[in-house]
file start22.cif (mmCIF, C-alpha atoms)
data_data
#
loop_
_atom_site.group_PDB
_atom_site.id
_atom_site.type_symbol
_atom_site.label_atom_id
_atom_site.label_comp_id
_atom_site.auth_asym_id
_atom_site.auth_seq_id
_atom_site.Cartn_x
_atom_site.Cartn_y
_atom_site.Cartn_z
ATOM 1 C CA MET C 1 83.395 112.026 15.971
ATOM 2 C CA LYS C 2 84.986 109.479 13.668
ATOM 3 C CA LEU C 3 87.899 109.112 16.062
ATOM 4 C CA VAL C 4 85.496 108.261 18.938
ATOM 5 C CA LYS C 5 83.827 105.540 16.847
ATOM 6 C CA VAL C 6 87.197 104.012 15.948
ATOM 7 C CA PHE C 7 88.248 104.099 19.604
ATOM 8 C CA LEU C 8 85.008 102.368 20.733
ATOM 9 C CA MET C 9 85.410 99.661 18.080
ATOM 10 C CA LEU C 10 88.983 99.056 19.258
ATOM 11 C CA VAL C 11 87.825 98.736 22.873
ATOM 12 C CA LEU C 12 85.070 96.273 21.888
ATOM 13 C CA LEU C 13 87.501 94.150 19.880
ATOM 14 C CA MET C 14 89.954 94.030 22.785
ATOM 15 C CA ALA C 15 87.174 92.995 25.187
ATOM 16 C CA LEU C 16 86.070 90.257 22.787
ATOM 17 C CA ALA C 17 89.646 88.992 22.415
ATOM 18 C CA ILE C 18 90.125 88.853 26.194
ATOM 19 C CA THR C 19 86.841 87.001 26.667
ATOM 20 C CA LEU C 20 87.656 84.428 24.005
ATOM 21 C CA SER C 21 91.185 83.848 25.261
ATOM 22 C CA ALA C 22 89.924 83.293 28.833
ATOM 23 C CA ALA C 23 87.283 80.796 27.692
ATOM 24 C CA ALA C 24 89.616 78.748 25.483
ATOM 25 C CA PRO C 25 91.271 75.761 27.203
ATOM 26 C CA SER C 26 94.980 76.103 27.696
ATOM 27 C CA GLU C 27 97.521 73.417 26.948
ATOM 28 C CA GLU C 28 99.066 73.347 30.399
ATOM 29 C CA GLU C 29 99.696 70.242 32.468
ATOM 30 C CA PRO C 30 96.596 68.178 33.250
ATOM 31 C CA LEU C 31 95.191 68.387 36.770
ATOM 32 C CA VAL C 32 95.404 64.638 37.388
ATOM 33 C CA ASP C 33 98.816 62.977 37.281
ATOM 34 C CA ASN C 34 98.923 59.489 35.906
ATOM 35 C CA ASP C 35 102.150 58.556 37.722
ATOM 36 C CA ASP C 36 102.330 55.233 39.488
ATOM 37 C CA ASP C 37 103.973 56.787 42.542
ATOM 38 C CA ALA C 38 102.252 55.061 45.487
ATOM 39 C CA SER C 39 103.462 57.559 48.086
ATOM 40 C CA GLU C 40 101.598 60.460 46.478
ATOM 41 C CA VAL C 41 98.377 58.459 46.189
ATOM 42 C CA ALA C 42 98.583 57.328 49.797
ATOM 43 C CA ASP C 43 98.826 60.953 50.966
ATOM 44 C CA ASP C 44 95.574 61.890 49.197
ATOM 45 C CA LEU C 45 93.429 59.090 50.622
ATOM 46 C CA LEU C 46 91.876 58.794 54.072
ATOM 47 C CA PRO C 47 90.022 55.760 55.400
ATOM 48 C CA SER C 48 86.316 56.265 56.034
ATOM 49 C CA ALA C 49 83.951 54.601 58.505
ATOM 50 C CA ASP C 50 82.716 51.988 56.017
ATOM 51 C CA GLY C 51 86.212 50.819 55.062
ATOM 52 C CA GLN C 52 86.445 52.617 51.716
ATOM 53 C CA GLU C 53 88.941 55.366 51.143
ATOM 54 C CA GLN C 54 88.043 58.979 50.355
ATOM 55 C CA ARG C 55 90.111 61.548 48.533
ATOM 56 C CA THR C 56 91.108 64.622 50.502
ATOM 57 C CA SER C 57 92.478 66.702 47.644
ATOM 58 C CA LEU C 58 90.733 68.586 44.877
ATOM 59 C CA ARG C 59 91.776 65.932 42.382
ATOM 60 C CA GLY C 60 88.704 63.803 42.945
ATOM 61 C CA ALA C 61 85.241 64.242 44.350
ATOM 62 C CA SER C 62 84.457 62.684 47.678
ATOM 63 C CA ARG C 63 81.653 60.191 48.134
ATOM 64 C CA LEU C 64 79.730 62.770 50.138
ATOM 65 C CA LEU C 65 79.459 65.045 47.125
ATOM 66 C CA ALA C 66 78.595 62.180 44.819
ATOM 67 C CA GLN C 67 75.564 61.064 46.843
ATOM 68 C CA LYS C 68 72.058 61.957 45.767
ATOM 69 C CA PRO C 69 70.348 64.592 47.917
ATOM 70 C CA ARG C 70 67.767 63.313 50.359
ATOM 71 C CA ALA C 71 64.105 64.136 49.963
ATOM 72 C CA VAL C 72 62.940 67.029 52.098
ATOM 73 C CA MET C 73 60.364 66.172 54.721
ATOM 74 C CA THR C 74 57.353 68.420 54.202
ATOM 75 C CA CYS C 75 54.547 68.807 56.683
ATOM 76 C CA ASN C 76 51.823 67.805 54.244
ATOM 77 C CA LYS C 77 53.167 64.221 54.286
ATOM 78 C CA TYR C 78 54.669 64.266 57.787
ATOM 79 C CA PRO C 79 52.619 66.616 60.042
ATOM 80 C CA ARG C 80 54.760 65.798 63.087
ATOM 81 C CA VAL C 81 57.584 67.833 61.527
ATOM 82 C CA CYS C 82 55.829 71.004 62.697
ATOM 83 C CA ARG C 83 55.742 69.902 66.325
ATOM 84 C CA VAL C 84 59.506 69.550 66.841
ATOM 85 C CA ALA C 85 61.511 72.096 68.814
ATOM 86 C CA GLY C 86 62.559 75.098 66.720
ATOM 87 C CA SER C 87 59.660 74.812 64.291
ATOM 88 C CA PRO C 88 57.880 78.068 63.322
ATOM 89 C CA GLY C 89 54.568 76.628 64.471
ATOM 90 C CA PRO C 90 52.553 73.455 65.065
ATOM 91 C CA ASP C 91 50.176 73.843 62.106
ATOM 92 C CA CYS C 92 50.765 72.954 58.438
ATOM 93 C CA CYS C 93 49.591 75.375 55.734
ATOM 94 C CA LYS C 94 50.657 74.951 52.086
ATOM 95 C CA LYS C 95 53.575 72.651 52.975
ATOM 96 C CA LYS C 96 54.929 75.122 55.566
ATOM 97 C CA CYS C 97 54.828 75.040 59.343
ATOM 98 C CA VAL C 98 53.025 78.070 60.777
ATOM 99 C CA ASN C 99 51.299 79.153 63.972
ATOM 100 C CA VAL C 100 47.711 80.053 63.067
ATOM 101 C CA LYS C 101 47.338 81.990 66.337
ATOM 102 C CA THR C 102 49.984 84.577 65.384
ATOM 103 C CA ASP C 103 50.643 84.364 61.610
ATOM 104 C CA ARG C 104 49.142 87.281 59.620
ATOM 105 C CA LEU C 105 48.893 85.203 56.445
ATOM 106 C CA ASN C 106 47.138 82.286 58.163
ATOM 107 C CA CYS C 107 45.201 83.845 61.055
ATOM 108 C CA GLY C 108 42.898 81.336 62.720
ATOM 109 C CA MET C 109 42.997 78.973 59.739
ATOM 110 C CA CYS C 110 45.089 78.367 56.647
ATOM 111 C CA GLY C 111 44.771 81.061 53.991
ATOM 112 C CA LYS C 112 42.923 83.657 56.096
ATOM 113 C CA LYS C 113 44.898 86.884 55.701
ATOM 114 C CA CYS C 114 44.677 89.892 57.972
ATOM 115 C CA LYS C 115 44.289 93.360 56.455
ATOM 116 C CA TYR C 116 47.329 95.623 56.145
ATOM 117 C CA SER C 117 46.666 97.493 59.387
ATOM 118 C CA GLU C 118 45.772 94.375 61.384
ATOM 119 C CA ILE C 119 47.791 91.788 63.308
ATOM 120 C CA CYS C 120 46.870 88.247 64.333
ATOM 121 C CA CYS C 121 46.236 87.801 68.062
ATOM 122 C CA LYS C 122 44.912 84.482 69.384
ATOM 123 C CA GLY C 123 43.782 83.490 65.890
ATOM 124 C CA LYS C 124 41.775 86.682 65.226
ATOM 125 C CA CYS C 125 42.667 89.695 63.092
ATOM 126 C CA VAL C 126 42.662 92.846 65.243
ATOM 127 C CA ASN C 127 43.671 96.471 64.724
ATOM 128 C CA PRO C 128 46.293 97.253 67.412
ATOM 129 C CA MET C 129 45.730 100.995 66.979
ATOM 130 C CA SER C 130 42.191 100.893 68.386
ATOM 131 C CA HIS C 131 41.452 97.480 69.942
ATOM 132 C CA LYS C 132 40.990 97.732 73.726
ATOM 133 C CA ARG C 133 42.308 94.234 74.566
ATOM 134 C CA HIS C 134 45.224 94.333 72.090
ATOM 135 C CA CYS C 135 46.313 97.992 72.215
ATOM 136 C CA GLY C 136 49.644 98.433 70.413
ATOM 137 C CA GLY C 137 50.260 94.671 70.397
ATOM 138 C CA CYS C 138 48.785 91.340 71.332
ATOM 139 C CA ASN C 139 47.428 90.937 74.890
ATOM 140 C CA ASN C 140 48.127 94.562 75.873
ATOM 141 C CA GLN C 141 44.838 95.396 77.561
ATOM 142 C CA CYS C 142 43.930 98.942 78.538
ATOM 143 C CA SER C 143 42.789 99.536 82.109
ATOM 144 C CA LYS C 144 39.112 100.086 82.890
ATOM 145 C CA GLY C 145 37.856 103.495 81.772
ATOM 146 C CA SER C 146 40.667 104.190 79.265
ATOM 147 C CA LYS C 147 40.478 103.996 75.480
ATOM 148 C CA CYS C 148 42.999 102.733 72.954
ATOM 149 C CA LEU C 149 43.981 105.453 70.478
ATOM 150 C CA TYR C 150 46.929 105.267 68.067
ATOM 151 C CA GLY C 151 48.113 102.092 69.776
ATOM 152 C CA MET C 152 48.346 103.682 73.229
ATOM 153 C CA CYS C 153 46.025 103.478 76.211
ATOM 154 C CA SER C 154 44.611 106.860 77.375
ATOM 155 C CA TYR C 155 46.417 108.819 74.648
ATOM 156 C CA ALA C 156 44.418 112.038 74.968
#

call {"tool": "encode", "arguments": {"input": "start22.cif", "output": "structure tokens"}}
result
Amino acid sequence: MKLVKVFLMLVLLMALAITLSAAAPSEEEPLVDNDDDASEVADDLLPSADGQEQRTSLRGASRLLAQKPRAVMTCNKYPRVCRVAGSPGPDCCKKKCVNVKTDRLNCGMCGKKCKYSEICCKGKCVNPMSHKRHCGGCNNQCSKGSKCLYGMCSYA
């Protein structure tokens, strides 16, 4: 038992030594050369559209990375954001674009949640397992004289 404890202590000490040696800075060559060789500097720079030069190597950060991020356009300030192509829906609820006619969490109006077994069809919460006009899914109407059971028309 004593031998196992000594072995575990040795393993922990080795792991600590490896961690500390990896975190300590090494005294290798610096990443940035301070030579005045113009040919090397000219290879690293590319002209940009505004006339300034950008670095292409990992030695310096480009202007693109140095810029501040733009503010995100949210629908509470700009409601037209929800009406563009590719938007999840035309309505704005809690700073998110949604479609209140189909969204279970905002069915008919913002914040109105459907129950677990219900779905949102045309802005109303319905149970697709038993609703005659939305049997198994939205707008799946059963024919006259048949019932909707278990999400299927005329099951029995």

call {"tool": "closest_residue", "arguments": {"input": "start22.cif", "among": "C:Cys121, C:Cys93, C:Leu3, C:Ser146", "to": "Met109 (chain C)", "atoms": "only C-alpha atoms"}}
result
C:Cys93

call {"tool": "resolve_selection", "arguments": {"input": "start22.cif", "expression": "the PyMOL selection byres ((chain C and resi 103) around 9)", "output": "VMD selection string"}}
result
chain C and resid 98 to 102 104 to 108 113 to 114 119 to 121 123

call {"tool": "resolve_selection", "arguments": {"input": "start22.cif", "expression": "the PyMOL selection byres ((chain C and resi 136) around 12)", "output": "JSON list (two decimals) with C-alpha atoms, in the frame of the given file"}}
result
[["chain", "number", "residue", "atom", "x", "y", "z"],
["C", 117, "SER", "CA", 46.67, 97.49, 59.39],
["C", 118, "GLU", "CA", 45.77, 94.38, 61.38],
["C", 119, "ILE", "CA", 47.79, 91.79, 63.31],
["C", 121, "CYS", "CA", 46.24, 87.80, 68.06],
["C", 126, "VAL", "CA", 42.66, 92.85, 65.24],
["C", 127, "ASN", "CA", 43.67, 96.47, 64.72],
["C", 128, "PRO", "CA", 46.29, 97.25, 67.41],
["C", 129, "MET", "CA", 45.73, 101.00, 66.98],
["C", 130, "SER", "CA", 42.19, 100.89, 68.39],
["C", 131, "HIS", "CA", 41.45, 97.48, 69.94],
["C", 132, "LYS", "CA", 40.99, 97.73, 73.73],
["C", 133, "ARG", "CA", 42.31, 94.23, 74.57],
["C", 134, "HIS", "CA", 45.22, 94.33, 72.09],
["C", 135, "CYS", "CA", 46.31, 97.99, 72.22],
["C", 137, "GLY", "CA", 50.26, 94.67, 70.40],
["C", 138, "CYS", "CA", 48.78, 91.34, 71.33],
["C", 139, "ASN", "CA", 47.43, 90.94, 74.89],
["C", 140, "ASN", "CA", 48.13, 94.56, 75.87],
["C", 141, "GLN", "CA", 44.84, 95.40, 77.56],
["C", 142, "CYS", "CA", 43.93, 98.94, 78.54],
["C", 147, "LYS", "CA", 40.48, 104.00, 75.48],
["C", 148, "CYS", "CA", 43.00, 102.73, 72.95],
["C", 149, "LEU", "CA", 43.98, 105.45, 70.48],
["C", 150, "TYR", "CA", 46.93, 105.27, 68.07],
["C", 151, "GLY", "CA", 48.11, 102.09, 69.78],
["C", 152, "MET", "CA", 48.35, 103.68, 73.23],
["C", 153, "CYS", "CA", 46.02, 103.48, 76.21],
["C", 155, "TYR", "CA", 46.42, 108.82, 74.65]]

call {"tool": "atom_distance", "arguments": {"input": "start22.cif", "atom1": "CA of Val81 (chain C)", "atom2": "CA of Lys94 (chain C)"}}
result
13.7 Å

call {"tool": "atom_distance", "arguments": {"input": "start22.cif", "atom1": "CA of Cys82 (chain C)", "atom2": "CA of Cys110 (chain C)"}}
result
14.4 Å

call {"tool": "atom_distance", "arguments": {"input": "start22.cif", "atom1": "CA of Gly145 (chain C)", "atom2": "CA of Lys115 (chain C)"}}
result
28.0 Å

call {"tool": "closest_residue", "arguments": {"input": "start22.cif", "among": "C:Lys2, C:Met9, C:Pro90, C:Lys95", "to": "Lys77 (chain C)", "atoms": "all atoms listed in the file"}}
result
C:Lys95
